[in-house]
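Written out below as structure tokens is the structure these notes cover.
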Amino acid sequence: GQRTTGIYPLFYLTRALMSQKIGERIRLTYIYESGNPFHAAVSGFAKTARLENPGFLCKTLEMGNLSETGAVAEKAITELESDDVFTEFRYHHDERQVRKYREFDPDIQAATDIPLKENGVYLITGGAGGLGLIFAEYLTREYQAKLALTGRSELSAEKEARLERMRESGSEVIYIRADVSDRDDAERLISETISRFGRINGIIHAAGVIRDAFILKKRKSEMDAVFAPKIHGAVCLDDASKNEHLDFFALFSSVAGVTGNAGQCDYAFANSFMDRFA
């Protein structure tokens with residue numbers, strides 16, 4: 001919970017300002033010190049606020065040292081007075097920089113090979129969800145992988161049948177019920193997987209939930225639910241597996257973290273965090 005407490009004051013302030021129906025443009029700049037993905041993640045929230053209310057000019061400003069109060073105040077005033085269409089800014093060696101995106105052509109830019117192994121051992125969170133099962137079926141079909149799937153719920157008969165079909169192809173597949181946002185559960189999950197298979201080669205963190213509502217109607221309990229798997233789950237899994245020699249740790253984010261998405265200020269924040277944490 002302490003990891004995400006910083007977003008709530010901004011959320012409550014934003015909601016209060018929006019509820020006032022102020023006729024003129026509202027300007028809000030969130031200033032933070034470099035190196036903290038929890039603060040950098042606010043960009044996802046800021047972009048969502050802009051989408052939900054075009055009169056709400058919310059942006060983030062990253063600075064190297066917040067102890068230089070005079071310089072911080074000067075830069076903050078500059079940002080508050082500007083009408084940029086962009087949301088993310090930083091000062092690097094006193095140079096103002098803007099985060100923009102460029103087109104990526106996968107046909108001409110080589111992609112890094114994903115280090116998947118024949119008979120590799122892979123842990124998939126959200127393993128009983130749609131995305132998790134897609135990866136599970138691919139890994140068992142193409143690599144005869146050994147899989148530990150995990151989720152918070154009991155398996156339905158239909159999903160248990162899908163796991164059984166994977167086992168019939170010769171793969172070992174187990175399902176461990178766990179809440180990866182709980183540190184003890186995350187450690188137990190890693191321990192049980194290693195106990196069963198002897199190692200872990202990679203982790204696919206695909207767990208996630210949505211609780212869509214505009215900022216004006218959003219409740220803290222809904223935000224907590226969205227943050228749990230994406231943010232707390234990523235941190236707990238990373239910590240629990242820190243002594244394992246993983247080939248990869250894949251975090252499944254969303255374009256909402258890059259662009260924001262109306263009704264998903266919490267989801268945008270959580271996925272923006274995953275991008276920076278990765």
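A note on labels: chains of the structure tokens are A, B, ... as shown, every chain counts residues from 1, and ligands are counted from 1 in their shown order.
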May I have the residues within 7 Å of Met63 of chain A as a compact mmCIF listing (two decimals) with all heavy atoms, in the first residue's frame, using only C-alpha atoms and disregarding those fewer than 4 positions away in the same chain?
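Output contents, as saved in around12.txt:
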```txt
# COMPACT_ATOMS: atom_id res chain seq x y z
N TYR A 32 8.68 15.64 -9.69
CA TYR A 32 9.29 14.54 -8.95
C TYR A 32 10.77 14.42 -9.28
O TYR A 32 11.23 14.91 -10.31
CB TYR A 32 8.56 13.22 -9.23
CG TYR A 32 8.71 12.72 -10.65
CD1 TYR A 32 9.69 11.79 -10.98
CD2 TYR A 32 7.85 13.17 -11.66
CE1 TYR A 32 9.83 11.33 -12.29
CE2 TYR A 32 7.98 12.71 -12.96
CZ TYR A 32 8.98 11.79 -13.27
OH TYR A 32 9.12 11.34 -14.56
N GLU A 33 11.49 13.74 -8.40
CA GLU A 33 12.92 13.54 -8.59
C GLU A 33 13.18 12.28 -9.40
O GLU A 33 12.49 11.27 -9.23
CB GLU A 33 13.61 13.44 -7.22
CG GLU A 33 15.12 13.60 -7.27
CD GLU A 33 15.70 13.88 -5.89
OE1 GLU A 33 15.74 15.05 -5.48
OE2 GLU A 33 16.09 12.90 -5.22
N SER A 34 14.14 12.32 -10.27
CA SER A 34 14.46 11.20 -11.17
C SER A 34 14.74 9.92 -10.39
O SER A 34 15.24 9.95 -9.27
CB SER A 34 15.68 11.54 -12.01
OG SER A 34 15.48 12.71 -12.77
N ARG A 90 11.13 16.79 -18.70
CA ARG A 90 12.18 16.66 -17.70
C ARG A 90 13.29 17.68 -17.98
O ARG A 90 13.42 18.17 -19.12
CB ARG A 90 12.77 15.26 -17.67
CG ARG A 90 13.73 14.94 -18.79
CD ARG A 90 14.41 13.59 -18.56
NE ARG A 90 15.35 13.28 -19.64
CZ ARG A 90 16.07 12.18 -19.70
NH1 ARG A 90 15.96 11.26 -18.75
NH2 ARG A 90 16.90 11.97 -20.71
N TYR A 91 14.04 17.98 -16.96
CA TYR A 91 15.23 18.81 -17.11
C TYR A 91 16.45 17.94 -16.89
O TYR A 91 16.62 17.34 -15.83
CB TYR A 91 15.20 19.99 -16.13
CG TYR A 91 14.33 21.12 -16.62
CD1 TYR A 91 12.96 21.13 -16.36
CD2 TYR A 91 14.88 22.15 -17.39
CE1 TYR A 91 12.16 22.16 -16.85
CE2 TYR A 91 14.08 23.18 -17.87
CZ TYR A 91 12.73 23.18 -17.60
OH TYR A 91 11.93 24.19 -18.08
```
Counting only C-alpha atoms, give me one row per residue of segment 84-122 of chain A with an atom at most 12 Å from an atom of segment 155-178 of chain A, showing the shortest contact pair and its distance in Å to one decimal, sorted by chain then residue number, as JSON lines.
```
{"residue": "A:Glu118", "atom": "CA", "partner": "A:Ser171", "partner_atom": "CA", "distance": 10.8}
{"residue": "A:Asn119", "atom": "CA", "partner": "A:Ser171", "partner_atom": "CA", "distance": 8.2}
{"residue": "A:Gly120", "atom": "CA", "partner": "A:Ser171", "partner_atom": "CA", "distance": 10.3}
{"residue": "A:Val121", "atom": "CA", "partner": "A:Glu172", "partner_atom": "CA", "distance": 9.3}
{"residue": "A:Tyr122", "atom": "CA", "partner": "A:Val173", "partner_atom": "CA", "distance": 9.8}
```
Writer output for current selection, N, CA and C atoms, as a short mmCIF file (atom, residue, chain, number, x, y, z; two decimals), in the first residue's frame:
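Output file out.cif follows:
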```cif
data_model
loop_
_atom_site.label_atom_id
_atom_site.label_comp_id
_atom_site.auth_asym_id
_atom_site.auth_seq_id
_atom_site.Cartn_x
_atom_site.Cartn_y
_atom_site.Cartn_z
N GLU A 118 13.64 -25.35 -24.78
CA GLU A 118 12.92 -26.62 -24.84
C GLU A 118 12.88 -27.21 -23.42
N ASN A 119 11.71 -27.61 -23.00
CA ASN A 119 11.49 -28.13 -21.64
C ASN A 119 11.81 -27.09 -20.55
N GLY A 120 11.76 -25.81 -20.93
CA GLY A 120 11.99 -24.76 -19.95
C GLY A 120 10.88 -24.70 -18.92
N VAL A 121 11.20 -24.11 -17.77
CA VAL A 121 10.24 -23.97 -16.67
C VAL A 121 9.81 -22.51 -16.60
N TYR A 122 8.50 -22.29 -16.77
CA TYR A 122 8.00 -20.92 -16.81
C TYR A 122 6.82 -20.73 -15.86
#
```
**OP:** Quick one: everything within 12 Å of Leu66 of chain A, counting only C-alpha atoms, minus sequence neighbours fewer than 4 positions away in the same chain. Send it as an MDAnalysis selection string.
**Re:** chainID A and resid 31:34 61:62 70:76 91
Those in segment 58-215 of chain A with alpha helix (DSSP H) from DSSP, as a compact mmCIF listing (two decimals) with all heavy atoms, in the first residue's frame:
```txt
# COMPACT_ATOMS: atom_id res chain seq x y z
N THR A 69 15.71 24.26 -4.43
CA THR A 69 14.33 24.76 -4.42
C THR A 69 14.10 25.94 -5.35
O THR A 69 13.04 26.07 -5.96
CB THR A 69 13.92 25.14 -2.99
OG1 THR A 69 14.89 26.07 -2.47
CG2 THR A 69 13.87 23.91 -2.10
N GLY A 70 15.09 26.82 -5.47
CA GLY A 70 14.93 27.97 -6.35
C GLY A 70 14.76 27.55 -7.79
O GLY A 70 13.86 28.03 -8.50
N ALA A 71 15.61 26.63 -8.24
CA ALA A 71 15.53 26.14 -9.62
C ALA A 71 14.24 25.38 -9.86
O ALA A 71 13.62 25.49 -10.92
CB ALA A 71 16.74 25.25 -9.92
N VAL A 72 13.82 24.60 -8.87
CA VAL A 72 12.57 23.84 -8.99
C VAL A 72 11.39 24.79 -9.16
O VAL A 72 10.53 24.60 -10.03
CB VAL A 72 12.36 22.93 -7.76
CG1 VAL A 72 10.97 22.31 -7.79
CG2 VAL A 72 13.43 21.85 -7.72
N ALA A 73 11.33 25.82 -8.33
CA ALA A 73 10.23 26.78 -8.40
C ALA A 73 10.20 27.48 -9.75
O ALA A 73 9.13 27.66 -10.36
CB ALA A 73 10.36 27.80 -7.28
N GLU A 74 11.37 27.84 -10.26
CA GLU A 74 11.45 28.51 -11.56
C GLU A 74 10.94 27.62 -12.68
O GLU A 74 10.15 28.05 -13.54
CB GLU A 74 12.90 28.92 -11.84
CG GLU A 74 13.11 29.62 -13.17
CD GLU A 74 14.57 29.88 -13.46
OE1 GLU A 74 15.39 29.84 -12.51
OE2 GLU A 74 14.89 30.11 -14.64
N LYS A 75 11.38 26.37 -12.68
CA LYS A 75 10.95 25.44 -13.72
C LYS A 75 9.45 25.14 -13.60
O LYS A 75 8.74 25.02 -14.60
CB LYS A 75 11.74 24.13 -13.61
CG LYS A 75 13.26 24.28 -13.71
CD LYS A 75 13.71 24.81 -15.04
CE LYS A 75 15.23 24.69 -15.22
NZ LYS A 75 16.01 25.41 -14.21
N ALA A 76 8.97 25.03 -12.36
CA ALA A 76 7.55 24.74 -12.15
C ALA A 76 6.68 25.85 -12.70
O ALA A 76 5.64 25.60 -13.35
CB ALA A 76 7.27 24.54 -10.67
N ILE A 77 7.07 27.10 -12.48
CA ILE A 77 6.30 28.24 -12.99
C ILE A 77 6.31 28.24 -14.51
O ILE A 77 5.28 28.50 -15.16
CB ILE A 77 6.88 29.56 -12.43
CG1 ILE A 77 6.61 29.65 -10.93
CG2 ILE A 77 6.27 30.76 -13.15
CD1 ILE A 77 7.32 30.79 -10.25
N THR A 78 7.46 27.91 -15.10
CA THR A 78 7.55 27.83 -16.56
C THR A 78 6.56 26.82 -17.12
O THR A 78 5.86 27.08 -18.11
CB THR A 78 8.97 27.45 -16.99
OG1 THR A 78 9.89 28.45 -16.55
CG2 THR A 78 9.07 27.31 -18.51
N GLU A 79 6.49 25.65 -16.47
CA GLU A 79 5.58 24.61 -16.96
C GLU A 79 4.12 25.01 -16.75
O GLU A 79 3.27 24.75 -17.61
CB GLU A 79 5.87 23.28 -16.25
CG GLU A 79 7.24 22.70 -16.54
CD GLU A 79 7.52 22.55 -18.02
OE1 GLU A 79 6.57 22.30 -18.80
OE2 GLU A 79 8.68 22.70 -18.41
N LEU A 80 3.82 25.62 -15.64
CA LEU A 80 2.44 26.02 -15.37
C LEU A 80 1.95 27.05 -16.37
O LEU A 80 0.75 27.11 -16.69
CB LEU A 80 2.31 26.57 -13.94
CG LEU A 80 2.36 25.54 -12.82
CD1 LEU A 80 2.50 26.23 -11.47
CD2 LEU A 80 1.12 24.65 -12.83
N GLU A 81 2.86 27.86 -16.89
CA GLU A 81 2.47 28.91 -17.83
C GLU A 81 2.43 28.46 -19.28
O GLU A 81 1.92 29.16 -20.13
CB GLU A 81 3.44 30.10 -17.69
CG GLU A 81 3.31 30.84 -16.36
CD GLU A 81 4.33 31.96 -16.21
OE1 GLU A 81 5.32 31.95 -16.99
OE2 GLU A 81 4.13 32.82 -15.34
N GLY A 130 -7.35 -15.18 -20.04
CA GLY A 130 -7.25 -15.37 -21.48
C GLY A 130 -5.84 -15.26 -22.00
O GLY A 130 -5.35 -16.13 -22.74
N LEU A 131 -5.12 -14.21 -21.60
CA LEU A 131 -3.75 -14.01 -22.06
C LEU A 131 -2.82 -15.09 -21.52
O LEU A 131 -1.97 -15.63 -22.25
CB LEU A 131 -3.26 -12.63 -21.62
CG LEU A 131 -1.94 -12.13 -22.19
CD1 LEU A 131 -1.99 -12.07 -23.71
CD2 LEU A 131 -1.61 -10.76 -21.62
N GLY A 132 -2.98 -15.41 -20.23
CA GLY A 132 -2.12 -16.43 -19.63
C GLY A 132 -2.26 -17.78 -20.31
O GLY A 132 -1.25 -18.47 -20.56
N LEU A 133 -3.48 -18.18 -20.64
CA LEU A 133 -3.70 -19.47 -21.28
C LEU A 133 -3.18 -19.49 -22.71
O LEU A 133 -2.73 -20.53 -23.19
CB LEU A 133 -5.19 -19.82 -21.24
CG LEU A 133 -5.73 -20.26 -19.87
CD1 LEU A 133 -7.24 -20.41 -19.91
CD2 LEU A 133 -5.08 -21.57 -19.43
N ILE A 134 -3.22 -18.35 -23.39
CA ILE A 134 -2.66 -18.28 -24.74
C ILE A 134 -1.16 -18.60 -24.69
O ILE A 134 -0.64 -19.39 -25.49
CB ILE A 134 -2.89 -16.88 -25.36
CG1 ILE A 134 -4.37 -16.72 -25.73
CG2 ILE A 134 -1.99 -16.68 -26.59
CD1 ILE A 134 -4.72 -15.32 -26.18
N PHE A 135 -0.46 -18.00 -23.74
CA PHE A 135 0.96 -18.25 -23.62
C PHE A 135 1.23 -19.68 -23.15
O PHE A 135 2.18 -20.32 -23.60
CB PHE A 135 1.61 -17.25 -22.67
CG PHE A 135 1.85 -15.92 -23.32
CD1 PHE A 135 0.99 -14.86 -23.10
CD2 PHE A 135 2.91 -15.74 -24.19
CE1 PHE A 135 1.19 -13.64 -23.71
CE2 PHE A 135 3.12 -14.51 -24.82
CZ PHE A 135 2.26 -13.46 -24.58
N ALA A 136 0.41 -20.16 -22.23
CA ALA A 136 0.60 -21.52 -21.74
C ALA A 136 0.46 -22.54 -22.88
O ALA A 136 1.29 -23.45 -23.01
CB ALA A 136 -0.42 -21.81 -20.64
N GLU A 137 -0.56 -22.36 -23.69
CA GLU A 137 -0.77 -23.31 -24.79
C GLU A 137 0.34 -23.22 -25.82
O GLU A 137 0.78 -24.23 -26.38
CB GLU A 137 -2.15 -23.07 -25.41
CG GLU A 137 -3.28 -23.51 -24.47
CD GLU A 137 -4.66 -23.09 -24.94
OE1 GLU A 137 -4.74 -22.18 -25.79
OE2 GLU A 137 -5.65 -23.68 -24.45
N TYR A 138 0.84 -22.01 -26.07
CA TYR A 138 1.94 -21.84 -27.02
C TYR A 138 3.21 -22.51 -26.50
O TYR A 138 3.91 -23.23 -27.23
CB TYR A 138 2.19 -20.36 -27.27
CG TYR A 138 3.42 -20.08 -28.10
CD1 TYR A 138 3.39 -20.20 -29.48
CD2 TYR A 138 4.64 -19.73 -27.50
CE1 TYR A 138 4.52 -19.98 -30.25
CE2 TYR A 138 5.77 -19.50 -28.26
CZ TYR A 138 5.71 -19.62 -29.63
OH TYR A 138 6.83 -19.41 -30.38
N LEU A 139 3.54 -22.28 -25.23
CA LEU A 139 4.78 -22.81 -24.66
C LEU A 139 4.77 -24.33 -24.57
O LEU A 139 5.80 -24.98 -24.77
CB LEU A 139 5.02 -22.20 -23.28
CG LEU A 139 5.42 -20.72 -23.28
CD1 LEU A 139 5.36 -20.15 -21.87
CD2 LEU A 139 6.81 -20.53 -23.87
N THR A 140 3.61 -24.89 -24.25
CA THR A 140 3.55 -26.36 -24.19
C THR A 140 3.59 -26.96 -25.59
O THR A 140 4.21 -28.01 -25.81
CB THR A 140 2.28 -26.82 -23.45
OG1 THR A 140 1.12 -26.22 -24.06
CG2 THR A 140 2.34 -26.44 -21.99
N ARG A 141 2.95 -26.29 -26.54
CA ARG A 141 2.91 -26.82 -27.91
C ARG A 141 4.27 -26.70 -28.61
O ARG A 141 4.73 -27.65 -29.26
CB ARG A 141 1.86 -26.06 -28.71
CG ARG A 141 1.70 -26.57 -30.16
CD ARG A 141 0.61 -25.83 -30.89
NE ARG A 141 0.95 -24.42 -31.13
CZ ARG A 141 0.36 -23.40 -30.53
NH1 ARG A 141 -0.62 -23.62 -29.65
NH2 ARG A 141 0.71 -22.16 -30.79
N GLU A 142 4.93 -25.56 -28.47
CA GLU A 142 6.15 -25.31 -29.23
C GLU A 142 7.42 -25.71 -28.48
O GLU A 142 8.44 -26.00 -29.11
CB GLU A 142 6.23 -23.82 -29.58
CG GLU A 142 5.07 -23.30 -30.41
CD GLU A 142 5.03 -23.94 -31.80
OE1 GLU A 142 6.11 -24.32 -32.31
OE2 GLU A 142 3.93 -24.06 -32.36
N TYR A 143 7.39 -25.73 -27.15
CA TYR A 143 8.61 -25.97 -26.38
C TYR A 143 8.48 -27.10 -25.36
O TYR A 143 9.42 -27.35 -24.61
CB TYR A 143 9.04 -24.68 -25.66
CG TYR A 143 9.47 -23.59 -26.60
CD1 TYR A 143 8.55 -22.66 -27.08
CD2 TYR A 143 10.78 -23.50 -27.04
CE1 TYR A 143 8.93 -21.66 -27.97
CE2 TYR A 143 11.19 -22.50 -27.91
CZ TYR A 143 10.25 -21.59 -28.38
OH TYR A 143 10.64 -20.60 -29.26
N ALA A 157 -14.16 -25.79 -14.41
CA ALA A 157 -14.06 -27.08 -15.08
C ALA A 157 -13.54 -26.90 -16.51
O ALA A 157 -12.73 -27.71 -17.00
CB ALA A 157 -15.43 -27.78 -15.10
N GLU A 158 -13.97 -25.83 -17.15
CA GLU A 158 -13.56 -25.59 -18.54
C GLU A 158 -12.06 -25.30 -18.62
O GLU A 158 -11.35 -25.82 -19.49
CB GLU A 158 -14.35 -24.41 -19.10
CG GLU A 158 -14.10 -24.13 -20.59
CD GLU A 158 -12.97 -23.13 -20.82
OE1 GLU A 158 -12.72 -22.31 -19.92
OE2 GLU A 158 -12.32 -23.21 -21.89
N LYS A 159 -11.54 -24.52 -17.67
CA LYS A 159 -10.11 -24.19 -17.69
C LYS A 159 -9.26 -25.38 -17.24
O LYS A 159 -8.16 -25.59 -17.72
CB LYS A 159 -9.85 -22.96 -16.84
CG LYS A 159 -10.41 -21.70 -17.49
CD LYS A 159 -10.19 -20.45 -16.67
CE LYS A 159 -10.73 -19.23 -17.41
NZ LYS A 159 -10.60 -17.98 -16.63
N GLU A 160 -9.79 -26.16 -16.30
CA GLU A 160 -9.07 -27.37 -15.90
C GLU A 160 -8.95 -28.32 -17.08
O GLU A 160 -7.92 -28.99 -17.26
CB GLU A 160 -9.80 -28.05 -14.74
CG GLU A 160 -9.13 -29.32 -14.23
CD GLU A 160 -7.70 -29.11 -13.76
OE1 GLU A 160 -7.48 -28.24 -12.90
OE2 GLU A 160 -6.81 -29.81 -14.29
N ALA A 161 -9.98 -28.37 -17.92
CA ALA A 161 -9.95 -29.23 -19.11
C ALA A 161 -8.88 -28.75 -20.09
O ALA A 161 -8.20 -29.57 -20.73
CB ALA A 161 -11.32 -29.24 -19.78
N ARG A 162 -8.70 -27.42 -20.20
CA ARG A 162 -7.67 -26.90 -21.09
C ARG A 162 -6.28 -27.25 -20.58
O ARG A 162 -5.38 -27.59 -21.35
CB ARG A 162 -7.82 -25.38 -21.25
CG ARG A 162 -9.04 -24.99 -22.04
CD ARG A 162 -9.19 -23.49 -22.18
NE ARG A 162 -8.16 -22.88 -23.03
CZ ARG A 162 -8.19 -21.60 -23.40
NH1 ARG A 162 -9.18 -20.81 -22.98
NH2 ARG A 162 -7.23 -21.11 -24.16
N LEU A 163 -6.10 -27.20 -19.26
CA LEU A 163 -4.82 -27.61 -18.69
C LEU A 163 -4.55 -29.09 -18.92
O LEU A 163 -3.42 -29.50 -19.21
CB LEU A 163 -4.78 -27.29 -17.19
CG LEU A 163 -4.17 -25.95 -16.78
CD1 LEU A 163 -4.92 -24.79 -17.40
CD2 LEU A 163 -4.14 -25.81 -15.26
N GLU A 164 -5.61 -29.89 -18.82
CA GLU A 164 -5.46 -31.33 -19.01
C GLU A 164 -5.06 -31.64 -20.45
O GLU A 164 -4.25 -32.56 -20.70
CB GLU A 164 -6.77 -32.04 -18.65
CG GLU A 164 -6.66 -33.56 -18.57
CD GLU A 164 -5.57 -34.00 -17.59
OE1 GLU A 164 -5.45 -33.39 -16.50
OE2 GLU A 164 -4.83 -34.95 -17.93
N ARG A 165 -5.58 -30.88 -21.40
CA ARG A 165 -5.19 -31.09 -22.80
C ARG A 165 -3.71 -30.77 -23.01
O ARG A 165 -3.02 -31.42 -23.80
CB ARG A 165 -6.05 -30.23 -23.73
CG ARG A 165 -7.48 -30.76 -23.89
CD ARG A 165 -8.19 -30.13 -25.06
NE ARG A 165 -8.47 -28.71 -24.85
CZ ARG A 165 -9.56 -28.25 -24.23
NH1 ARG A 165 -10.48 -29.10 -23.78
NH2 ARG A 165 -9.76 -26.94 -24.09
N MET A 166 -3.21 -29.78 -22.29
CA MET A 166 -1.78 -29.46 -22.37
C MET A 166 -0.96 -30.62 -21.81
O MET A 166 0.09 -30.99 -22.36
CB MET A 166 -1.47 -28.18 -21.59
CG MET A 166 -2.08 -26.92 -22.13
SD MET A 166 -1.61 -25.48 -21.12
CE MET A 166 -3.12 -24.52 -21.15
N ARG A 167 -1.43 -31.21 -20.72
CA ARG A 167 -0.71 -32.33 -20.10
C ARG A 167 -0.70 -33.54 -21.03
O ARG A 167 0.28 -34.29 -21.08
CB ARG A 167 -1.35 -32.70 -18.77
CG ARG A 167 -1.27 -31.58 -17.71
CD ARG A 167 -1.90 -32.00 -16.41
NE ARG A 167 -1.94 -30.91 -15.44
CZ ARG A 167 -3.06 -30.35 -14.98
NH1 ARG A 167 -4.24 -30.80 -15.38
NH2 ARG A 167 -2.99 -29.35 -14.11
N GLU A 168 -1.78 -33.71 -21.77
CA GLU A 168 -1.87 -34.85 -22.69
C GLU A 168 -0.84 -34.77 -23.81
O GLU A 168 -0.49 -35.78 -24.40
CB GLU A 168 -3.29 -34.93 -23.26
CG GLU A 168 -4.34 -35.37 -22.24
CD GLU A 168 -5.76 -35.23 -22.78
OE1 GLU A 168 -5.91 -34.76 -23.92
OE2 GLU A 168 -6.70 -35.60 -22.05
N ARG A 183 3.28 -10.49 -0.44
CA ARG A 183 4.69 -10.90 -0.45
C ARG A 183 4.86 -12.37 -0.06
O ARG A 183 5.63 -13.11 -0.69
CB ARG A 183 5.50 -10.01 0.50
CG ARG A 183 7.00 -10.29 0.48
CD ARG A 183 7.75 -9.26 1.29
NE ARG A 183 7.59 -7.93 0.74
CZ ARG A 183 8.32 -7.46 -0.28
NH1 ARG A 183 9.23 -8.22 -0.83
NH2 ARG A 183 8.13 -6.23 -0.72
N ASP A 184 4.13 -12.83 0.97
CA ASP A 184 4.26 -14.22 1.40
C ASP A 184 3.78 -15.17 0.31
O ASP A 184 4.40 -16.22 0.08
CB ASP A 184 3.46 -14.44 2.69
CG ASP A 184 4.08 -13.73 3.88
OD1 ASP A 184 5.29 -13.41 3.82
OD2 ASP A 184 3.35 -13.50 4.87
N ASP A 185 2.68 -14.81 -0.36
CA ASP A 185 2.17 -15.66 -1.44
C ASP A 185 3.15 -15.71 -2.60
O ASP A 185 3.35 -16.76 -3.23
CB ASP A 185 0.81 -15.14 -1.92
CG ASP A 185 -0.35 -15.90 -1.30
OD1 ASP A 185 -0.13 -16.54 -0.25
OD2 ASP A 185 -1.47 -15.85 -1.84
N ALA A 186 3.76 -14.58 -2.92
CA ALA A 186 4.72 -14.54 -4.03
C ALA A 186 5.93 -15.43 -3.71
O ALA A 186 6.40 -16.18 -4.58
CB ALA A 186 5.17 -13.10 -4.27
N GLU A 187 6.40 -15.37 -2.48
CA GLU A 187 7.54 -16.21 -2.09
C GLU A 187 7.15 -17.69 -2.10
O GLU A 187 7.94 -18.54 -2.53
CB GLU A 187 8.04 -15.78 -0.71
CG GLU A 187 8.71 -14.41 -0.72
CD GLU A 187 9.13 -13.94 0.66
OE1 GLU A 187 8.77 -14.63 1.65
OE2 GLU A 187 9.82 -12.91 0.75
N ARG A 188 5.93 -17.99 -1.64
CA ARG A 188 5.46 -19.38 -1.67
C ARG A 188 5.35 -19.89 -3.10
O ARG A 188 5.69 -21.05 -3.40
CB ARG A 188 4.11 -19.48 -0.96
CG ARG A 188 3.45 -20.86 -1.04
CD ARG A 188 2.17 -20.92 -0.23
NE ARG A 188 1.15 -19.99 -0.70
CZ ARG A 188 0.32 -20.25 -1.72
NH1 ARG A 188 0.42 -21.41 -2.38
NH2 ARG A 188 -0.59 -19.37 -2.08
N LEU A 189 4.89 -19.03 -3.99
CA LEU A 189 4.74 -19.40 -5.39
C LEU A 189 6.07 -19.78 -6.01
O LEU A 189 6.19 -20.80 -6.70
CB LEU A 189 4.10 -18.23 -6.15
CG LEU A 189 3.83 -18.40 -7.63
CD1 LEU A 189 2.86 -19.55 -7.87
CD2 LEU A 189 3.25 -17.10 -8.20
N ILE A 190 7.09 -18.96 -5.78
CA ILE A 190 8.42 -19.25 -6.31
C ILE A 190 8.95 -20.55 -5.69
O ILE A 190 9.49 -21.41 -6.39
CB ILE A 190 9.39 -18.09 -6.01
CG1 ILE A 190 8.94 -16.80 -6.72
CG2 ILE A 190 10.81 -18.46 -6.41
CD1 ILE A 190 8.96 -16.87 -8.21
N SER A 191 8.76 -20.70 -4.38
CA SER A 191 9.26 -21.87 -3.67
C SER A 191 8.60 -23.16 -4.18
O SER A 191 9.28 -24.17 -4.42
CB SER A 191 9.03 -21.70 -2.17
OG SER A 191 9.42 -22.85 -1.47
N GLU A 192 7.28 -23.13 -4.36
CA GLU A 192 6.56 -24.34 -4.80
C GLU A 192 6.93 -24.70 -6.24
O GLU A 192 7.02 -25.88 -6.59
CB GLU A 192 5.06 -24.12 -4.67
CG GLU A 192 4.57 -24.13 -3.23
CD GLU A 192 3.06 -24.14 -3.13
OE1 GLU A 192 2.39 -24.51 -4.13
OE2 GLU A 192 2.53 -23.78 -2.06
N THR A 193 7.13 -23.68 -7.08
CA THR A 193 7.52 -23.95 -8.47
C THR A 193 8.89 -24.63 -8.52
O THR A 193 9.09 -25.61 -9.24
CB THR A 193 7.54 -22.64 -9.28
OG1 THR A 193 6.25 -22.02 -9.23
CG2 THR A 193 7.92 -22.92 -10.73
N ILE A 194 9.83 -24.11 -7.75
CA ILE A 194 11.18 -24.68 -7.72
C ILE A 194 11.15 -26.07 -7.09
O ILE A 194 11.85 -27.00 -7.54
CB ILE A 194 12.14 -23.75 -6.96
CG1 ILE A 194 12.31 -22.44 -7.73
CG2 ILE A 194 13.49 -24.43 -6.73
CD1 ILE A 194 13.09 -21.38 -7.00
N SER A 195 10.32 -26.24 -6.06
CA SER A 195 10.21 -27.55 -5.42
C SER A 195 9.71 -28.60 -6.41
O SER A 195 10.16 -29.75 -6.39
CB SER A 195 9.25 -27.45 -4.22
OG SER A 195 9.05 -28.72 -3.63
N ARG A 196 8.79 -28.20 -7.29
CA ARG A 196 8.21 -29.14 -8.25
C ARG A 196 9.14 -29.38 -9.44
O ARG A 196 9.33 -30.53 -9.89
CB ARG A 196 6.86 -28.62 -8.74
CG ARG A 196 6.23 -29.43 -9.86
CD ARG A 196 5.87 -30.85 -9.42
NE ARG A 196 5.28 -31.61 -10.51
CZ ARG A 196 3.97 -31.70 -10.71
NH1 ARG A 196 3.12 -31.09 -9.89
NH2 ARG A 196 3.50 -32.40 -11.72
N PHE A 197 9.74 -28.31 -9.97
CA PHE A 197 10.48 -28.43 -11.23
C PHE A 197 12.00 -28.24 -11.09
O PHE A 197 12.73 -28.46 -12.05
CB PHE A 197 9.95 -27.42 -12.24
CG PHE A 197 8.50 -27.62 -12.61
CD1 PHE A 197 7.57 -26.62 -12.37
CD2 PHE A 197 8.07 -28.80 -13.19
CE1 PHE A 197 6.24 -26.78 -12.71
CE2 PHE A 197 6.74 -28.99 -13.53
CZ PHE A 197 5.81 -27.98 -13.28
```
Subject >> Shell of 9 Å around Phe252 of chain A, only C-alpha atoms, local chain residues under 3 positions omitted, as a PyMOL selection string >> reply: chain A and resi 204-208+230+271+274-275
Original post:
Do you know which residues are at most 6 Å from segment 45-51 of chain A counting only C-alpha atoms, after dropping those on the same chain fewer than 5 positions away, and could you put them as a VMD selection string?
Top reply: chain A and resid 56 58 to 59 260 to 262 265 268 to 269
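All residues of segment 19-101 of chain A that DSSP, run on the backbone, classes as strand (DSSP E) are Ile26, Arg27, Leu28, Thr29, Tyr30, Ile31, Tyr32, Glu33, Phe56, Leu57, Cys58, Lys59, Thr60, Leu61, Glu62, Met63, Glu88, Phe89, Arg90, Tyr91, His92, Glu95, Arg96, Gln97 and Val98 of chain A.
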Original post:
How many Å separate atom CA of Lys117 of chain A from atom CA of Ile203 of chain A?
Top reply: 12.8 Å
Subject >> atom CA of Thr150 of chain A to atom CA of Gly126 of chain A, distance in Å rounded to a single decimal >> reply: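 That distance, rounded to one decimal, is 6.0 Å.
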